[in-house]
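Shown next, in structure tokens, is the structure this report addresses.
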Amino acid sequence: MTVPERIILIGFMGSGKSSVGRILADRLGYELVDTDALLEERAGAPIARIFRERGEPAFRALESEVLAAAASRRRAVIATGGGAPAHPPNRDFFTRGDVVFHLRVSLENARKRAGENADRPLLAQDEEAVRRLYQGRQPVYQQLGQSVDTDGKTPSAVADEIMRLLRNPRKNHLPGERA
Ligand code: S3P
């Protein structure tokens, strides 16, 4: 099979982008580029601290810089932060023709997997705010990526499913097309 130079993973917090990305990268002999980790490295601070001390707009600006840097990586699986696709300045990164998979997770499972994690400041908001965030992002994820269900599946099973889709490119999502 011809594997694309870059495979981008999107999805809500707790959808398993980093763990699925790790498995996928290992299977393909690709590098895993985890944009949250790169951002923390660049900023020299954990995400929660960036949000707390500098605010979300500063975090989003850093995130856009990291995405721009990741765009030229080759043979890479790129696991992106859950909010990156919803931030309009990042649109080009997700629509320029790379293969994008949306790891779909129910809100209930997202909460379970991510927990009330202090590392994810946006999940620490009240329940209604998190629900709004989740619902508002679903159409964006669906528009930008081919959806792969993750509920009730291990990261390894999700990676298997993505490998199957990569082997069958006719079924692959074309940019701008709905899954
Ligand atoms: C965010 C998701 C997080 C991280 C930051 C903001 C979001 O990444 O980028 O806390 O806006 O959904 P994960 O999706 O990897 O948890």
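Letters for chains follow the order of the structure tokens (A, B, ...), residue numbers begin at 1 for each chain, and ligand numbers begin at 1 in the order shown.
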
| task | Return as a PyMOL selection string the residues of protein, DNA or RNA that approach ligand 1 to within 7 Å, with only C-alpha atoms and all ligand atoms taken into account. | result | chain A and resi 11-14+17-18+36+47-48+80-84+119-122

Would you write out, as a tab-separated table, a table of all residues in stretch 5-69 of chain A that have an atom no more than 6 Å from an atom of stretch 89-109 of chain A, listing for each the closest atom pair and the distance in Å to one decimal, considering only C-alpha atoms and ordering rows by chain and rising residue number?
residue	atom	partner	partner_atom	distance
A:Ile7	CA	A:Val99	CA	5.3
A:Ile8	CA	A:Val100	CA	4.6
A:Leu9	CA	A:Phe101	CA	5.0
A:Ile10	CA	A:His102	CA	4.9
A:Gly11	CA	A:Leu103	CA	5.1
A:Ser15	CA	A:Val105	CA	5.3

| field | Filtered DSSP result for chain A, state helix (DSSP H, G or I), as a PyMOL selection string | value | chain A and resi 17-28+35-43+47-54+56-70+84-86+88-95+107-114+121-123+127-144+155-167+169-171

| query | Can you list, as a list in words, every residue of stretch 44-178 of chain A that DSSP puts in strand (DSSP E)? | reply |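 Strand (DSSP E) assignments inside stretch 44-178 of chain A correspond to Ala76, Val77, Ile78, Ala79, Val99, Val100, Phe101, His102, Leu103, Arg104, Gln146, Ser147, Val148 and Asp149 of chain A.
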
Would you put the residues from that selection into a file with N, CA, C and O atoms, as an mmCIF file, in the first residue's frame?
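The resulting file, result.cif, is shown below:
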data_model
loop_
_atom_site.group_PDB
_atom_site.id
_atom_site.type_symbol
_atom_site.label_atom_id
_atom_site.label_comp_id
_atom_site.auth_asym_id
_atom_site.auth_seq_id
_atom_site.Cartn_x
_atom_site.Cartn_y
_atom_site.Cartn_z
ATOM 1 N N ALA A 76 4.968 10.884 9.013
ATOM 2 C CA ALA A 76 4.582 11.247 10.370
ATOM 3 C C ALA A 76 3.092 11.021 10.599
ATOM 4 O O ALA A 76 2.267 11.277 9.722
ATOM 5 N N VAL A 77 2.783 10.525 11.798
ATOM 6 C CA VAL A 77 1.404 10.514 12.274
ATOM 7 C C VAL A 77 1.304 11.723 13.198
ATOM 8 O O VAL A 77 2.099 11.846 14.138
ATOM 9 N N ILE A 78 0.381 12.609 12.904
ATOM 10 C CA ILE A 78 0.293 13.853 13.673
ATOM 11 C C ILE A 78 -0.980 13.829 14.526
ATOM 12 O O ILE A 78 -2.098 13.877 14.002
ATOM 13 N N ALA A 79 -0.797 13.704 15.839
ATOM 14 C CA ALA A 79 -1.925 13.715 16.775
ATOM 15 C C ALA A 79 -2.111 15.157 17.234
ATOM 16 O O ALA A 79 -1.187 15.762 17.788
ATOM 17 N N VAL A 99 -4.314 13.136 4.665
ATOM 18 C CA VAL A 99 -5.365 12.234 5.125
ATOM 19 C C VAL A 99 -5.651 12.546 6.599
ATOM 20 O O VAL A 99 -4.729 12.598 7.419
ATOM 21 N N VAL A 100 -6.915 12.766 6.894
ATOM 22 C CA VAL A 100 -7.302 13.134 8.256
ATOM 23 C C VAL A 100 -8.319 12.114 8.777
ATOM 24 O O VAL A 100 -9.313 11.828 8.104
ATOM 25 N N PHE A 101 -8.067 11.568 9.950
ATOM 26 C CA PHE A 101 -9.032 10.674 10.580
ATOM 27 C C PHE A 101 -9.579 11.332 11.837
ATOM 28 O O PHE A 101 -8.823 11.872 12.651
ATOM 29 N N HIS A 102 -10.890 11.249 11.937
ATOM 30 C CA HIS A 102 -11.566 11.763 13.136
ATOM 31 C C HIS A 102 -11.860 10.591 14.064
ATOM 32 O O HIS A 102 -12.625 9.690 13.695
ATOM 33 N N LEU A 103 -11.252 10.581 15.225
ATOM 34 C CA LEU A 103 -11.524 9.534 16.216
ATOM 35 C C LEU A 103 -12.776 9.961 16.983
ATOM 36 O O LEU A 103 -12.734 10.904 17.776
ATOM 37 N N ARG A 104 -13.855 9.281 16.670
ATOM 38 C CA ARG A 104 -15.137 9.676 17.269
ATOM 39 C C ARG A 104 -15.306 8.999 18.630
ATOM 40 O O ARG A 104 -15.089 7.804 18.762
ATOM 41 N N GLN A 146 -12.233 11.666 8.108
ATOM 42 C CA GLN A 146 -13.011 10.433 7.983
ATOM 43 C C GLN A 146 -13.204 9.873 9.392
ATOM 44 O O GLN A 146 -12.225 9.649 10.119
ATOM 45 N N SER A 147 -14.435 9.653 9.775
ATOM 46 C CA SER A 147 -14.704 9.251 11.164
ATOM 47 C C SER A 147 -14.448 7.776 11.408
ATOM 48 O O SER A 147 -14.807 6.932 10.586
ATOM 49 N N VAL A 148 -13.835 7.500 12.540
ATOM 50 C CA VAL A 148 -13.571 6.127 12.981
ATOM 51 C C VAL A 148 -14.088 6.042 14.412
ATOM 52 O O VAL A 148 -13.678 6.831 15.263
ATOM 53 N N ASP A 149 -14.993 5.096 14.664
ATOM 54 C CA ASP A 149 -15.549 4.967 16.016
ATOM 55 C C ASP A 149 -14.532 4.418 16.997
ATOM 56 O O ASP A 149 -13.787 3.493 16.656
#

| message | At a cut-off of 12 Å, using only C-alpha atoms, what residues contact A:Leu166? Leave out same-chain residues fewer than 2 positions from it and give the result as a ChimeraX atom specification. | response | /A:1-7,24,28,99-101,146,159-164,168-173

| So which residues touch A:Ile50 within 12 Å, counting only C-alpha atoms, skipping near sequence neighbours fewer than 3 positions away, as a VMD selection string? | chain A and resid 36 39 to 47 53 to 63 119 to 121

Let's have the selection written as a CSV table (one decimal), in the first residue's frame, with N, CA and C atoms.
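Dumped to out_29.csv:
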chain,number,residue,atom,x,y,z
A,36,ASP,N,0.4,18.6,21.2
A,36,ASP,CA,0.4,19.1,22.5
A,36,ASP,C,1.7,19.0,23.2
A,39,LEU,N,4.1,21.5,21.8
A,39,LEU,CA,3.8,22.8,22.3
A,39,LEU,C,4.4,23.0,23.7
A,40,GLU,N,4.2,22.0,24.5
A,40,GLU,CA,4.7,22.1,25.9
A,40,GLU,C,6.2,22.3,25.9
A,41,GLU,N,6.9,21.5,24.9
A,41,GLU,CA,8.3,21.6,24.8
A,41,GLU,C,8.7,23.0,24.4
A,42,ARG,N,8.1,23.5,23.4
A,42,ARG,CA,8.4,24.9,22.9
A,42,ARG,C,8.2,25.9,23.9
A,43,ALA,N,7.1,25.8,24.6
A,43,ALA,CA,6.7,26.9,25.6
A,43,ALA,C,7.5,26.7,26.9
A,44,GLY,N,8.0,25.5,27.1
A,44,GLY,CA,8.7,25.2,28.4
A,44,GLY,C,7.7,25.2,29.6
A,45,ALA,N,6.5,24.8,29.3
A,45,ALA,CA,5.5,24.8,30.4
A,45,ALA,C,4.4,23.9,30.0
A,46,PRO,N,3.7,23.2,31.0
A,46,PRO,CA,2.6,22.4,30.7
A,46,PRO,C,1.4,23.2,30.3
A,47,ILE,N,0.5,22.5,29.5
A,47,ILE,CA,-0.6,23.2,28.9
A,47,ILE,C,-1.5,23.9,30.0
A,53,GLU,N,-1.8,31.0,33.1
A,53,GLU,CA,-1.0,32.2,33.2
A,53,GLU,C,-1.1,33.1,32.0
A,54,ARG,N,-1.3,32.5,30.8
A,54,ARG,CA,-1.3,33.3,29.6
A,54,ARG,C,-2.7,33.4,28.9
A,55,GLY,N,-3.5,32.4,29.3
A,55,GLY,CA,-4.9,32.5,28.7
A,55,GLY,C,-5.0,31.6,27.4
A,56,GLU,N,-6.3,31.3,27.0
A,56,GLU,CA,-6.5,30.5,25.9
A,56,GLU,C,-6.0,31.1,24.6
A,57,PRO,N,-6.2,32.4,24.3
A,57,PRO,CA,-5.7,32.9,23.0
A,57,PRO,C,-4.2,32.7,22.9
A,58,ALA,N,-3.4,32.9,23.9
A,58,ALA,CA,-2.0,32.6,23.8
A,58,ALA,C,-1.7,31.2,23.5
A,59,PHE,N,-2.5,30.3,24.1
A,59,PHE,CA,-2.3,28.9,23.9
A,59,PHE,C,-2.6,28.6,22.4
A,60,ARG,N,-3.7,29.2,21.9
A,60,ARG,CA,-4.1,28.9,20.5
A,60,ARG,C,-3.0,29.4,19.5
A,61,ALA,N,-2.4,30.5,19.8
A,61,ALA,CA,-1.4,31.1,18.9
A,61,ALA,C,-0.2,30.1,18.9
A,62,LEU,N,0.2,29.6,20.1
A,62,LEU,CA,1.3,28.6,20.1
A,62,LEU,C,0.9,27.4,19.3
A,63,GLU,N,-0.3,26.9,19.5
A,63,GLU,CA,-0.8,25.7,18.8
A,63,GLU,C,-0.7,25.9,17.3
A,119,ASP,N,-4.8,18.4,33.7
A,119,ASP,CA,-4.0,18.7,32.5
A,119,ASP,C,-4.9,19.2,31.4
A,120,ARG,N,-6.2,19.1,31.5
A,120,ARG,CA,-7.1,19.5,30.4
A,120,ARG,C,-8.0,20.6,30.9
A,121,PRO,N,-7.6,21.8,30.9
A,121,PRO,CA,-8.3,22.9,31.6
A,121,PRO,C,-9.8,23.0,31.0
